[in-house]
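A.B. asks: Got a file for you: input.cif, mmCIF, C-alpha atoms and all ligand atoms.
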```
data_model
loop_
_atom_site.label_atom_id
_atom_site.label_comp_id
_atom_site.auth_asym_id
_atom_site.auth_seq_id
_atom_site.Cartn_x
_atom_site.Cartn_y
_atom_site.Cartn_z
CA MET A 1 6.33 -13.57 -25.99
CA ARG A 2 6.20 -9.99 -27.36
CA ASN A 3 9.50 -8.10 -27.38
CA SER A 4 8.37 -5.51 -24.86
CA GLN A 5 6.70 -8.12 -22.67
CA LYS A 6 8.42 -8.66 -19.31
CA ARG A 7 8.02 -11.35 -16.70
CA VAL A 8 7.14 -9.45 -13.56
CA LEU A 9 6.85 -10.68 -9.97
CA VAL A 10 4.50 -8.81 -7.62
CA THR A 11 4.79 -9.89 -3.98
CA GLY A 12 1.71 -9.01 -1.94
CA GLY A 13 -0.07 -9.11 -5.31
CA ALA A 14 -3.44 -10.17 -3.86
CA GLY A 15 -3.55 -7.19 -1.51
CA PHE A 16 -5.11 -3.79 -2.09
CA LEU A 17 -2.28 -2.06 -3.98
CA GLY A 18 -0.81 -5.29 -5.36
CA SER A 19 -4.03 -6.33 -7.11
CA HIS A 20 -4.31 -2.96 -8.86
CA LEU A 21 -0.66 -3.17 -9.89
CA CYS A 22 -1.14 -6.72 -11.27
CA GLU A 23 -4.16 -5.51 -13.22
CA ARG A 24 -2.21 -2.60 -14.73
CA LEU A 25 0.78 -4.79 -15.67
CA VAL A 26 -1.41 -7.47 -17.27
CA ALA A 27 -3.28 -4.74 -19.18
CA GLU A 28 0.09 -3.54 -20.50
CA GLY A 29 0.75 -7.06 -21.83
CA HIS A 30 3.28 -8.21 -19.25
CA ASN A 31 3.48 -11.71 -17.84
CA VAL A 32 2.66 -11.35 -14.15
CA LEU A 33 3.37 -13.70 -11.26
CA CYS A 34 1.45 -12.73 -8.13
CA VAL A 35 2.87 -14.12 -4.89
CA ASP A 36 0.94 -13.80 -1.63
CA ASN A 37 0.35 -15.65 1.63
CA TYR A 38 -3.20 -14.18 1.85
CA PHE A 39 -2.64 -12.77 5.34
CA THR A 40 -4.46 -9.52 4.50
CA GLY A 41 -4.91 -10.09 0.76
CA ARG A 42 -7.77 -11.99 -0.85
CA LYS A 43 -8.05 -14.33 -3.81
CA GLU A 44 -11.15 -12.35 -4.88
CA ASN A 45 -8.91 -9.33 -5.53
CA VAL A 46 -7.23 -11.11 -8.44
CA ALA A 47 -9.98 -13.61 -9.39
CA HIS A 48 -10.83 -11.57 -12.50
CA LEU A 49 -7.24 -11.97 -13.77
CA LEU A 50 -7.00 -15.76 -13.39
CA ASP A 51 -8.37 -16.53 -16.86
CA ASP A 52 -5.69 -14.40 -18.47
CA PRO A 53 -2.80 -16.56 -19.75
CA ASN A 54 -0.44 -13.74 -18.75
CA PHE A 55 -1.38 -13.98 -15.07
CA GLU A 56 -0.53 -16.57 -12.44
CA ALA A 57 -1.08 -16.57 -8.67
CA MET A 58 1.08 -18.51 -6.21
CA ARG A 59 0.66 -18.96 -2.46
CA HIS A 60 4.00 -18.26 -0.84
CA ASP A 61 5.35 -16.49 2.24
CA VAL A 62 8.21 -14.13 1.37
CA THR A 63 10.01 -14.93 4.62
CA HIS A 64 11.01 -18.12 2.76
CA PRO A 65 13.27 -18.16 -0.31
CA LEU A 66 11.57 -18.15 -3.70
CA PHE A 67 12.94 -19.64 -6.90
CA VAL A 68 11.27 -18.23 -10.02
CA GLU A 69 12.47 -16.55 -13.23
CA VAL A 70 11.48 -12.92 -13.75
CA GLU A 71 12.94 -9.65 -15.03
CA GLU A 72 11.30 -7.21 -12.64
CA ILE A 73 10.17 -7.49 -9.02
CA TYR A 74 7.74 -5.25 -7.13
CA ASN A 75 8.08 -6.12 -3.43
CA LEU A 76 4.80 -5.16 -1.78
CA ALA A 77 4.31 -8.08 0.62
CA CYS A 78 3.63 -6.71 4.12
CA PRO A 79 0.45 -5.91 6.03
CA ALA A 80 -0.07 -2.15 5.84
CA SER A 81 -2.88 -1.40 8.30
CA PRO A 82 -1.75 -0.66 11.88
CA VAL A 83 -4.37 -3.15 13.18
CA HIS A 84 -2.98 -5.95 11.04
CA TYR A 85 0.74 -5.22 11.31
CA GLN A 86 0.46 -5.02 15.11
CA HIS A 87 -1.47 -8.31 15.27
CA ASP A 88 1.74 -10.38 14.95
CA PRO A 89 4.55 -7.81 15.18
CA VAL A 90 7.39 -10.34 15.03
CA GLN A 91 6.00 -11.72 11.79
CA THR A 92 5.68 -8.13 10.46
CA THR A 93 9.38 -7.43 11.03
CA LYS A 94 10.27 -10.81 9.53
CA THR A 95 8.14 -10.07 6.47
CA SER A 96 9.89 -6.75 5.86
CA VAL A 97 13.44 -7.85 6.66
CA LEU A 98 13.57 -11.53 5.60
CA GLY A 99 11.22 -10.71 2.73
CA ALA A 100 13.64 -8.02 1.52
CA ILE A 101 16.64 -10.35 1.90
CA ASN A 102 14.91 -13.12 -0.06
CA MET A 103 13.66 -10.86 -2.83
CA LEU A 104 16.99 -9.02 -3.11
CA GLY A 105 18.77 -12.37 -3.30
CA LEU A 106 16.40 -13.44 -6.06
CA ALA A 107 16.96 -10.14 -7.91
CA LYS A 108 20.73 -10.54 -7.58
CA ARG A 109 20.70 -14.06 -9.03
CA LEU A 110 18.43 -12.99 -11.90
CA LYS A 111 20.01 -9.53 -12.41
CA ALA A 112 16.43 -8.28 -12.14
CA LYS A 113 15.25 -4.77 -11.33
CA ILE A 114 13.56 -4.58 -7.94
CA LEU A 115 11.21 -2.00 -6.42
CA GLN A 116 10.51 -1.78 -2.71
CA ALA A 117 7.16 -0.51 -1.39
CA SER A 118 8.45 1.54 1.51
CA THR A 119 6.35 3.96 3.49
CA SER A 120 5.93 7.43 4.93
CA GLU A 121 6.13 5.63 8.30
CA VAL A 122 9.92 5.72 7.91
CA TYR A 123 9.50 9.39 8.95
CA GLY A 124 7.68 8.29 12.13
CA ASP A 125 5.91 11.18 13.89
CA PRO A 126 7.63 13.79 11.70
CA LEU A 127 9.14 16.96 13.09
CA MET A 128 9.66 18.38 9.57
CA HIS A 129 6.60 19.25 7.52
CA PRO A 130 5.84 18.42 4.74
CA GLN A 131 8.31 15.54 4.58
CA PRO A 132 11.05 15.59 1.90
CA GLU A 133 13.06 12.41 1.23
CA ALA A 134 16.14 13.93 2.90
CA TYR A 135 14.34 14.05 6.27
CA ARG A 136 15.61 11.17 8.43
CA GLY A 137 12.56 10.83 10.58
CA ASN A 138 11.44 10.59 14.17
CA VAL A 139 10.67 6.92 14.82
CA ASN A 140 10.13 5.30 18.20
CA PRO A 141 12.17 2.07 17.85
CA ILE A 142 10.40 0.28 20.71
CA GLY A 143 6.77 1.33 20.29
CA PRO A 144 3.85 -0.67 18.86
CA ARG A 145 4.40 0.77 15.34
CA ALA A 146 8.12 -0.06 15.35
CA CYS A 147 7.68 -3.56 13.88
CA TYR A 148 6.42 -1.87 10.72
CA ASP A 149 8.45 1.36 10.75
CA GLU A 150 11.79 -0.20 11.65
CA GLY A 151 11.13 -3.25 9.46
CA LYS A 152 10.61 -0.95 6.49
CA ARG A 153 13.65 1.17 7.43
CA CYS A 154 15.82 -1.94 7.61
CA ALA A 155 14.46 -3.07 4.24
CA GLU A 156 15.53 0.30 2.78
CA THR A 157 19.00 -0.23 4.28
CA LEU A 158 19.22 -3.65 2.65
CA PHE A 159 18.12 -2.25 -0.70
CA PHE A 160 20.82 0.42 -0.64
CA ASP A 161 23.48 -2.04 0.53
CA TYR A 162 22.63 -4.41 -2.33
CA TYR A 163 22.83 -1.39 -4.65
CA ARG A 164 26.28 -0.35 -3.36
CA GLN A 165 27.71 -3.82 -2.75
CA HIS A 166 26.22 -5.78 -5.66
CA SER A 167 25.30 -3.01 -8.16
CA LEU A 168 21.72 -4.20 -8.06
CA ARG A 169 19.19 -2.07 -9.94
CA ILE A 170 16.93 -0.86 -7.14
CA ARG A 171 13.94 1.46 -6.78
CA VAL A 172 12.59 2.55 -3.37
CA VAL A 173 9.26 4.37 -3.16
CA ARG A 174 7.89 5.81 0.08
CA ILE A 175 4.14 5.53 -0.15
CA PHE A 176 1.86 7.94 1.71
CA ASN A 177 -1.73 7.02 2.69
CA THR A 178 -3.40 5.52 -0.37
CA TYR A 179 -7.04 4.43 -0.66
CA GLY A 180 -9.48 2.98 -3.17
CA PRO A 181 -11.57 -0.03 -4.15
CA ARG A 182 -10.40 -3.47 -2.89
CA MET A 183 -9.31 -2.24 0.51
CA HIS A 184 -10.54 -4.94 2.88
CA PRO A 185 -13.80 -3.92 4.61
CA ASN A 186 -12.16 -4.87 7.94
CA ASP A 187 -8.81 -3.41 6.97
CA GLY A 188 -8.90 -0.97 9.90
CA ARG A 189 -7.41 1.98 8.01
CA VAL A 190 -9.25 5.26 8.18
CA VAL A 191 -10.78 5.58 4.70
CA SER A 192 -12.28 2.08 4.61
CA ASN A 193 -13.40 2.31 8.26
CA PHE A 194 -15.23 5.61 7.74
CA ILE A 195 -16.89 4.53 4.49
CA VAL A 196 -18.06 1.16 5.80
CA GLN A 197 -19.32 2.77 9.03
CA ALA A 198 -21.13 5.52 7.09
CA LEU A 199 -22.77 3.06 4.68
CA LYS A 200 -23.94 0.82 7.53
CA GLY A 201 -25.19 3.78 9.58
CA ASP A 202 -22.75 2.81 12.36
CA PRO A 203 -20.91 5.42 14.44
CA ILE A 204 -17.85 6.93 12.72
CA THR A 205 -14.85 6.21 14.99
CA LEU A 206 -12.66 9.31 15.17
CA TYR A 207 -9.45 8.61 17.08
CA GLY A 208 -8.31 11.46 19.34
CA ASP A 209 -9.81 14.86 18.52
CA GLY A 210 -9.40 14.25 14.77
CA SER A 211 -7.00 17.16 14.29
CA GLN A 212 -4.16 14.84 13.19
CA THR A 213 -3.53 15.20 9.46
CA ARG A 214 -2.95 12.89 6.52
CA ALA A 215 -2.86 13.34 2.73
CA PHE A 216 -4.80 10.76 0.72
CA CYS A 217 -3.80 9.44 -2.71
CA TYR A 218 -6.11 7.49 -5.02
CA VAL A 219 -4.84 4.02 -5.92
CA ASP A 220 -4.68 4.45 -9.72
CA ASP A 221 -2.42 7.49 -9.33
CA LEU A 222 -0.12 5.61 -6.98
CA VAL A 223 0.14 2.59 -9.30
CA ASP A 224 1.04 4.96 -12.12
CA GLY A 225 3.87 6.26 -9.90
CA PHE A 226 5.10 2.67 -9.33
CA VAL A 227 5.22 1.95 -13.06
CA ARG A 228 6.99 5.23 -13.86
CA MET A 229 9.55 4.58 -11.12
CA MET A 230 10.29 1.08 -12.43
CA ALA A 231 10.71 2.45 -15.98
CA ALA A 232 12.97 5.35 -14.89
CA PRO A 233 16.73 5.33 -15.62
CA ASP A 234 18.77 3.16 -13.24
CA ASP A 235 20.38 6.12 -11.47
CA ILE A 236 16.95 7.06 -10.12
CA THR A 237 16.97 4.74 -7.13
CA GLY A 238 14.87 6.85 -4.78
CA PRO A 239 13.92 6.88 -2.01
CA MET A 240 11.05 8.67 -3.72
CA ASN A 241 7.94 9.97 -1.99
CA LEU A 242 4.69 8.99 -3.74
CA GLY A 243 1.50 10.49 -2.36
CA ASN A 244 -1.00 13.28 -2.73
CA PRO A 245 0.26 16.53 -1.20
CA VAL A 246 -3.25 17.70 -0.28
CA GLU A 247 -3.29 17.60 3.50
CA MET A 248 -6.43 17.42 5.62
CA SER A 249 -7.40 16.56 9.16
CA VAL A 250 -8.96 13.18 9.89
CA ALA A 251 -12.06 15.04 11.19
CA GLU A 252 -12.38 16.72 7.77
CA LEU A 253 -12.17 13.32 6.11
CA ALA A 254 -15.04 12.10 8.33
CA GLU A 255 -17.13 15.11 7.24
CA ALA A 256 -16.39 14.45 3.57
CA VAL A 257 -17.39 10.78 3.86
CA ILE A 258 -20.63 11.64 5.71
CA ASP A 259 -21.43 14.26 3.08
CA LEU A 260 -20.74 11.98 0.08
CA THR A 261 -22.61 8.98 1.47
CA GLY A 262 -25.53 11.08 2.80
CA SER A 263 -25.13 9.01 5.98
CA ARG A 264 -26.89 9.74 9.26
CA SER A 265 -23.99 8.21 11.21
CA ARG A 266 -22.75 10.26 14.13
CA VAL A 267 -19.09 10.74 15.03
CA VAL A 268 -17.80 9.07 18.22
CA HIS A 269 -14.37 9.70 19.69
CA ARG A 270 -11.97 6.89 20.56
CA PRO A 271 -8.51 7.18 22.15
CA LEU A 272 -5.67 8.19 19.83
CA PRO A 273 -3.45 5.11 19.27
CA VAL A 274 0.08 5.22 20.75
CA ASP A 275 2.61 6.99 18.49
CA ASP A 276 -0.09 7.97 15.96
CA PRO A 277 1.68 10.63 13.81
CA ILE A 278 0.23 14.10 14.41
CA GLN A 279 0.83 15.39 10.89
CA ARG A 280 1.84 13.87 7.59
CA CYS A 281 2.07 15.25 4.08
CA PRO A 282 4.49 14.36 1.28
CA ASP A 283 6.84 16.72 -0.48
CA ILE A 284 6.62 15.26 -4.00
CA SER A 285 8.94 17.66 -5.81
CA GLN A 286 11.35 14.79 -6.63
CA ALA A 287 8.64 12.60 -8.18
CA SER A 288 7.33 15.58 -10.08
CA ALA A 289 10.77 16.55 -11.45
CA LEU A 290 12.23 13.08 -12.10
CA LEU A 291 9.14 11.02 -13.01
CA ASN A 292 6.88 13.80 -14.25
CA TRP A 293 4.37 12.34 -11.80
CA LYS A 294 1.68 13.86 -9.69
CA PRO A 295 -1.70 12.57 -8.48
CA ARG A 296 -4.59 13.53 -10.78
CA THR A 297 -7.66 12.22 -8.93
CA GLN A 298 -9.51 14.74 -6.76
CA LEU A 299 -10.32 13.41 -3.28
CA ARG A 300 -14.08 13.67 -3.81
CA VAL A 301 -13.87 11.69 -7.07
CA GLY A 302 -11.68 8.99 -5.51
CA LEU A 303 -13.92 8.78 -2.47
CA GLN A 304 -17.03 8.44 -4.67
CA ARG A 305 -15.45 5.49 -6.53
CA THR A 306 -14.43 3.88 -3.26
CA ILE A 307 -17.89 4.42 -1.75
CA ALA A 308 -19.48 2.82 -4.84
CA TYR A 309 -17.18 -0.21 -4.39
CA PHE A 310 -18.04 -0.71 -0.71
CA ASP A 311 -21.73 -0.09 -1.37
CA ARG A 312 -21.72 -2.95 -3.92
CA LEU A 313 -19.70 -5.20 -1.63
CA LEU A 314 -21.96 -4.63 1.37
CA SER A 315 -25.14 -5.24 -0.62
CA GLU A 316 -23.67 -8.48 -2.06
CA ASN A 317 -22.88 -9.57 1.51
CA ASP A 318 -26.45 -8.68 2.56
CA ASP A 319 -27.79 -10.82 -0.29
CA ILE A 320 -25.61 -13.76 0.85
CA GLU A 321 -26.76 -13.36 4.46
CA ARG A 322 -30.42 -13.19 3.38
CA ALA A 323 -30.03 -16.28 1.16
CA THR A 324 -28.29 -18.19 3.99
CA ALA A 325 -31.01 -17.21 6.48
CA ALA A 326 -33.73 -18.27 4.01
CA ALA A 327 -32.05 -21.65 3.49
CA GLU A 328 -31.82 -22.35 7.25
P1 LIG A 401 -2.48 -5.01 1.99
O1 LIG A 401 -2.46 -5.48 3.40
O2 LIG A 401 -3.79 -4.94 1.28
O3 LIG A 401 -1.48 -5.85 1.08
C1 LIG A 401 -0.36 -6.51 1.56
C2 LIG A 401 -0.29 -7.87 0.92
O4 LIG A 401 0.88 -8.55 1.36
C3 LIG A 401 -1.49 -8.76 1.30
O5 LIG A 401 -2.02 -9.35 0.13
C4 LIG A 401 -0.87 -9.78 2.23
O6 LIG A 401 -1.59 -11.00 2.26
C5 LIG A 401 0.53 -9.90 1.68
N1 LIG A 401 1.51 -10.41 2.65
C6 LIG A 401 1.69 -10.02 3.94
N2 LIG A 401 2.70 -10.71 4.49
C7 LIG A 401 3.18 -11.55 3.53
C8 LIG A 401 4.19 -12.53 3.49
N3 LIG A 401 4.97 -12.79 4.57
N4 LIG A 401 4.39 -13.23 2.34
C9 LIG A 401 3.62 -12.99 1.26
N5 LIG A 401 2.63 -12.09 1.23
C10 LIG A 401 2.41 -11.37 2.35
O7 LIG A 401 -1.80 -3.55 2.00
P2 LIG A 401 -1.53 -2.52 0.82
O8 LIG A 401 -2.12 -1.23 1.21
O9 LIG A 401 -1.87 -3.11 -0.49
O10 LIG A 401 0.06 -2.34 0.95
C11 LIG A 401 0.96 -2.92 0.01
C12 LIG A 401 2.37 -2.46 0.33
O11 LIG A 401 2.44 -1.04 0.23
C13 LIG A 401 2.85 -2.84 1.72
O12 LIG A 401 4.20 -3.20 1.65
C14 LIG A 401 2.70 -1.56 2.51
O13 LIG A 401 3.61 -1.47 3.56
C15 LIG A 401 2.97 -0.51 1.43
N6 LIG A 401 2.31 0.76 1.77
C16 LIG A 401 0.97 0.95 1.57
C17 LIG A 401 0.39 2.16 1.92
C18 LIG A 401 -1.07 2.44 1.68
O14 LIG A 401 -1.54 3.52 2.04
N7 LIG A 401 -1.85 1.57 1.07
C19 LIG A 401 1.16 3.16 2.51
C20 LIG A 401 2.52 2.92 2.74
C21 LIG A 401 3.09 1.72 2.34
N1 LIG A 402 -8.20 6.83 12.38
C1 LIG A 402 -9.41 7.24 12.92
N2 LIG A 402 -10.45 6.35 12.93
C2 LIG A 402 -10.35 5.10 12.42
C3 LIG A 402 -9.11 4.68 11.85
C4 LIG A 402 -8.05 5.57 11.86
O1 LIG A 402 -9.56 8.38 13.40
O2 LIG A 402 -11.35 4.36 12.47
C5 LIG A 402 -7.07 7.79 12.33
C6 LIG A 402 -5.76 7.26 12.91
O3 LIG A 402 -5.70 7.49 14.28
C7 LIG A 402 -4.75 8.07 12.12
C8 LIG A 402 -5.41 8.31 10.77
O4 LIG A 402 -6.81 8.07 10.98
O5 LIG A 402 -4.55 9.32 12.74
C9 LIG A 402 -4.90 7.40 9.68
O6 LIG A 402 -4.94 6.09 10.18
P1 LIG A 402 -4.66 4.79 9.28
O7 LIG A 402 -4.77 3.61 10.19
O8 LIG A 402 -5.50 4.83 8.07
O9 LIG A 402 -3.16 4.96 8.76
P2 LIG A 402 -1.82 5.58 9.35
O10 LIG A 402 -1.60 6.78 8.53
O11 LIG A 402 -1.99 5.93 10.81
O12 LIG A 402 -0.84 4.50 9.15
#
```
Once more with this new file: its structure as structure tokens, please.
C.D. replies:
Amino acid sequence: MRNSQKRVLVTGGAGFLGSHLCERLVAEGHNVLCVDNYFTGRKENVAHLLDDPNFEAMRHDVTHPLFVEVEEIYNLACPASPVHYQHDPVQTTKTSVLGAINMLGLAKRLKAKILQASTSEVYGDPLMHPQPEAYRGNVNPIGPRACYDEGKRCAETLFFDYYRQHSLRIRVVRIFNTYGPRMHPNDGRVVSNFIVQALKGDPITLYGDGSQTRAFCYVDDLVDGFVRMMAAPDDITGPMNLGNPVEMSVAELAEAVIDLTGSRSRVVHRPLPVDDPIQRCPDISQASALLNWKPRTQLRVGLQRTIAYFDRLLSENDDIERATAAAE
């Protein structure tokens, strides 16, 4: 093992963000253990890493204790799309809370550094805009998003209690909407929905009037923020916002996707989901000052890469369907 090589655990490693993180860590020469229960993640996301002796994948649910030996832990396990985290809300809360307890317990035993993938959802439907880390949020504790929002808030509480009570080396990052290749085509989040709909020529489903805002970060930039946060001095615990502070309405995103795909899809309106935040945009001055981090990928460039990914995926699926039909 090289001196600088670390054994790193990535929970949720077969998911969208997790698979990109595993790829980056393996590329840096680390020994990576990817743990996932494949609820929303896919083996295909990490299939290209399996031949690498520095990569290993393990099926495991983080609501159960895990006994492995590592030096760093990135805790990403948790469905992130509203459709998926509301599918089994009790399991979502368990994943965030029991998952955090199990991973923190593991980190404590190993004296490992541990990073929590928290979320802008801890701010709920924010009344302060853009959102700095000091803002305490406006979360509905009994609504359909609460399983995710409150689960993640409780996980943050646990991280900071382990920090104060057990001097654990923690990092908490609050991730704002991130997109890119390897999102699941049925993920349900806005970027993948719009791109898949546009490429198929299906109607683009705009929830509400589309004036609600988000700020979209490309996955490579976000992963770079993760790695910088983990490498930062131990007094930099976060919580630290990571996201792209370029805010736009969801209707503007639909226009951009239609423009970049050259699609003839039309926009149809669907009801705005309950408690859907009206506006969201990160204040990233902390990440900029303490990690020297800011997103570098322009939205149009990131969208083009993501469109190219889904275009390839959809044509591969078409080929499979055609081959199956021909064989029948
Ligand atoms: P994702 O759904 O693609 O990945 C989540 C992964 O966790 C999946 O591989 C899933 O199978 C796995 N998982 C779920 N429950 C598990 C369990 N009990 N045990 C083990 N594995 C489990 O979503 P993502 O976008 O890659 O999100 C990764 C993390 O980042 C999540 O914790 C999410 O809350 C956080 N996050 C993401 C975003 C974003 O915009 N992508 C924004 C805020 C926070
Ligand atoms: N949205 C939409 N059409 C879709 C999916 C989502 O208009 O097909 C909207 C959704 O109502 C929200 C925004 O896009 O206002 C972002 O939704 P997403 O599920 O991606 O993530 P969120 O930021 O709400 O967690």
A.B. asks: Using only C-alpha atoms and all ligand atoms, what does the table of chain A residues within 8 Å of ligand LIG 402 (chain A) look like, with each row giving the shortest atom pair and its distance in Å to one decimal, sorted by chain and ascending number, as CSV?
C.D. replies:
```
residue,atom,partner,partner_atom,distance
A:Ala80,CA,A:LIG402,O12,7.5
A:Ser81,CA,A:LIG402,O7,5.7
A:Pro82,CA,A:LIG402,O7,5.5
A:Val83,CA,A:LIG402,O7,7.4
A:Glu121,CA,A:LIG402,O12,7.1
A:Phe176,CA,A:LIG402,O10,7.7
A:Asn177,CA,A:LIG402,O10,5.8
A:Gly188,CA,A:LIG402,C3,6.0
A:Arg189,CA,A:LIG402,O8,3.4
A:Val190,CA,A:LIG402,C3,3.7
A:Val191,CA,A:LIG402,O8,6.3
A:Asn193,CA,A:LIG402,O2,5.1
A:Phe194,CA,A:LIG402,O2,6.2
A:Ile204,CA,A:LIG402,O2,7.0
A:Thr205,CA,A:LIG402,O2,4.7
A:Leu206,CA,A:LIG402,O1,3.7
A:Tyr207,CA,A:LIG402,O1,3.7
A:Gly208,CA,A:LIG402,O1,6.8
A:Gly210,CA,A:LIG402,O1,6.0
A:Gln212,CA,A:LIG402,O5,5.6
A:Thr213,CA,A:LIG402,O5,6.8
A:Arg214,CA,A:LIG402,O10,6.6
A:Val250,CA,A:LIG402,O4,5.7
A:Ala251,CA,A:LIG402,O1,7.4
A:Arg270,CA,A:LIG402,O1,7.7
A:Leu272,CA,A:LIG402,O3,5.6
A:Pro273,CA,A:LIG402,O3,6.0
A:Asp276,CA,A:LIG402,O5,5.7
A:Pro277,CA,A:LIG402,O5,6.5
A:Ile278,CA,A:LIG402,O5,7.0
A:Arg280,CA,A:LIG402,O10,7.9
```
A.B. asks: Write to file, as an mmCIF file, in the frame of the given file, the residues of the selection just made, with C-alpha atoms.
C.D. replies:
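The result, written out as selection.cif:
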```
data_model
loop_
_atom_site.group_PDB
_atom_site.id
_atom_site.type_symbol
_atom_site.label_atom_id
_atom_site.label_comp_id
_atom_site.auth_asym_id
_atom_site.auth_seq_id
_atom_site.Cartn_x
_atom_site.Cartn_y
_atom_site.Cartn_z
ATOM 1 C CA ALA A 80 -0.070 -2.150 5.840
ATOM 2 C CA SER A 81 -2.880 -1.400 8.300
ATOM 3 C CA PRO A 82 -1.750 -0.660 11.880
ATOM 4 C CA VAL A 83 -4.370 -3.150 13.180
ATOM 5 C CA GLU A 121 6.130 5.630 8.300
ATOM 6 C CA PHE A 176 1.860 7.940 1.710
ATOM 7 C CA ASN A 177 -1.730 7.020 2.690
ATOM 8 C CA GLY A 188 -8.900 -0.970 9.900
ATOM 9 C CA ARG A 189 -7.410 1.980 8.010
ATOM 10 C CA VAL A 190 -9.250 5.260 8.180
ATOM 11 C CA VAL A 191 -10.780 5.580 4.700
ATOM 12 C CA ASN A 193 -13.400 2.310 8.260
ATOM 13 C CA PHE A 194 -15.230 5.610 7.740
ATOM 14 C CA ILE A 204 -17.850 6.930 12.720
ATOM 15 C CA THR A 205 -14.850 6.210 14.990
ATOM 16 C CA LEU A 206 -12.660 9.310 15.170
ATOM 17 C CA TYR A 207 -9.450 8.610 17.080
ATOM 18 C CA GLY A 208 -8.310 11.460 19.340
ATOM 19 C CA GLY A 210 -9.400 14.250 14.770
ATOM 20 C CA GLN A 212 -4.160 14.840 13.190
ATOM 21 C CA THR A 213 -3.530 15.200 9.460
ATOM 22 C CA ARG A 214 -2.950 12.890 6.520
ATOM 23 C CA VAL A 250 -8.960 13.180 9.890
ATOM 24 C CA ALA A 251 -12.060 15.040 11.190
ATOM 25 C CA ARG A 270 -11.970 6.890 20.560
ATOM 26 C CA LEU A 272 -5.670 8.190 19.830
ATOM 27 C CA PRO A 273 -3.450 5.110 19.270
ATOM 28 C CA ASP A 276 -0.090 7.970 15.960
ATOM 29 C CA PRO A 277 1.680 10.630 13.810
ATOM 30 C CA ILE A 278 0.230 14.100 14.410
ATOM 31 C CA ARG A 280 1.840 13.870 7.590
#
```
A.B. asks: Between CA of Gln116 in chain A and CA of Asn186 in chain A, what is the distance in Å, rounded to a tenth?
C.D. replies: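 Distance between the two atoms: 25.2 Å.
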A.B. asks: Excluding Ala134 in chain A and any residue of its chain fewer than 4 positions from it, enumerate the residues within 12 Å of it, using only C-alpha atoms, and give them as a list of chain:residue names.
C.D. replies: A:Val122, A:Tyr123, A:Met128, A:His129, A:Pro130, A:Arg174, A:Gly238, A:Pro239, A:Met240, A:Asn241, A:Pro282, A:Asp283, A:Ile284, A:Ser285, A:Gln286
A.B. asks: Could you tell me which of A:Arg153, A:Arg59, A:Lys113, A:Lys108 comes closest to ligand LIG 401 (chain A) if we count all atoms listed in the file?
C.D. replies: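 For ligand LIG 401 (chain A), the nearest of the given residues is A:Arg59.
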A.B. asks: Could you give me the residues within 6 Å of ligand LIG 401 (chain A), counting only C-alpha atoms and all ligand atoms, as number ranges by chain?
C.D. replies: A: 12-18, 36-41, 60-63, 76-80, 95, 117-119, 175-178
A.B. asks: Name the closest residue to Phe310 in chain A among the candidates A:Pro181, A:Leu49, A:Asn292, A:Gln279; distances are taken between atoms, counting all atoms listed in the file.
C.D. replies: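 Residue with the minimum atom-to-atom distance to Phe310 in chain A: A:Pro181.
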A.B. asks: Could you pull the residues within 7 Å of Asn138 in chain A, counting all atoms listed in the file, minus those fewer than 3 positions along the same chain, as JSON, numbers by chain?
C.D. replies: {"A": [123, 124, 125, 126, 127]}
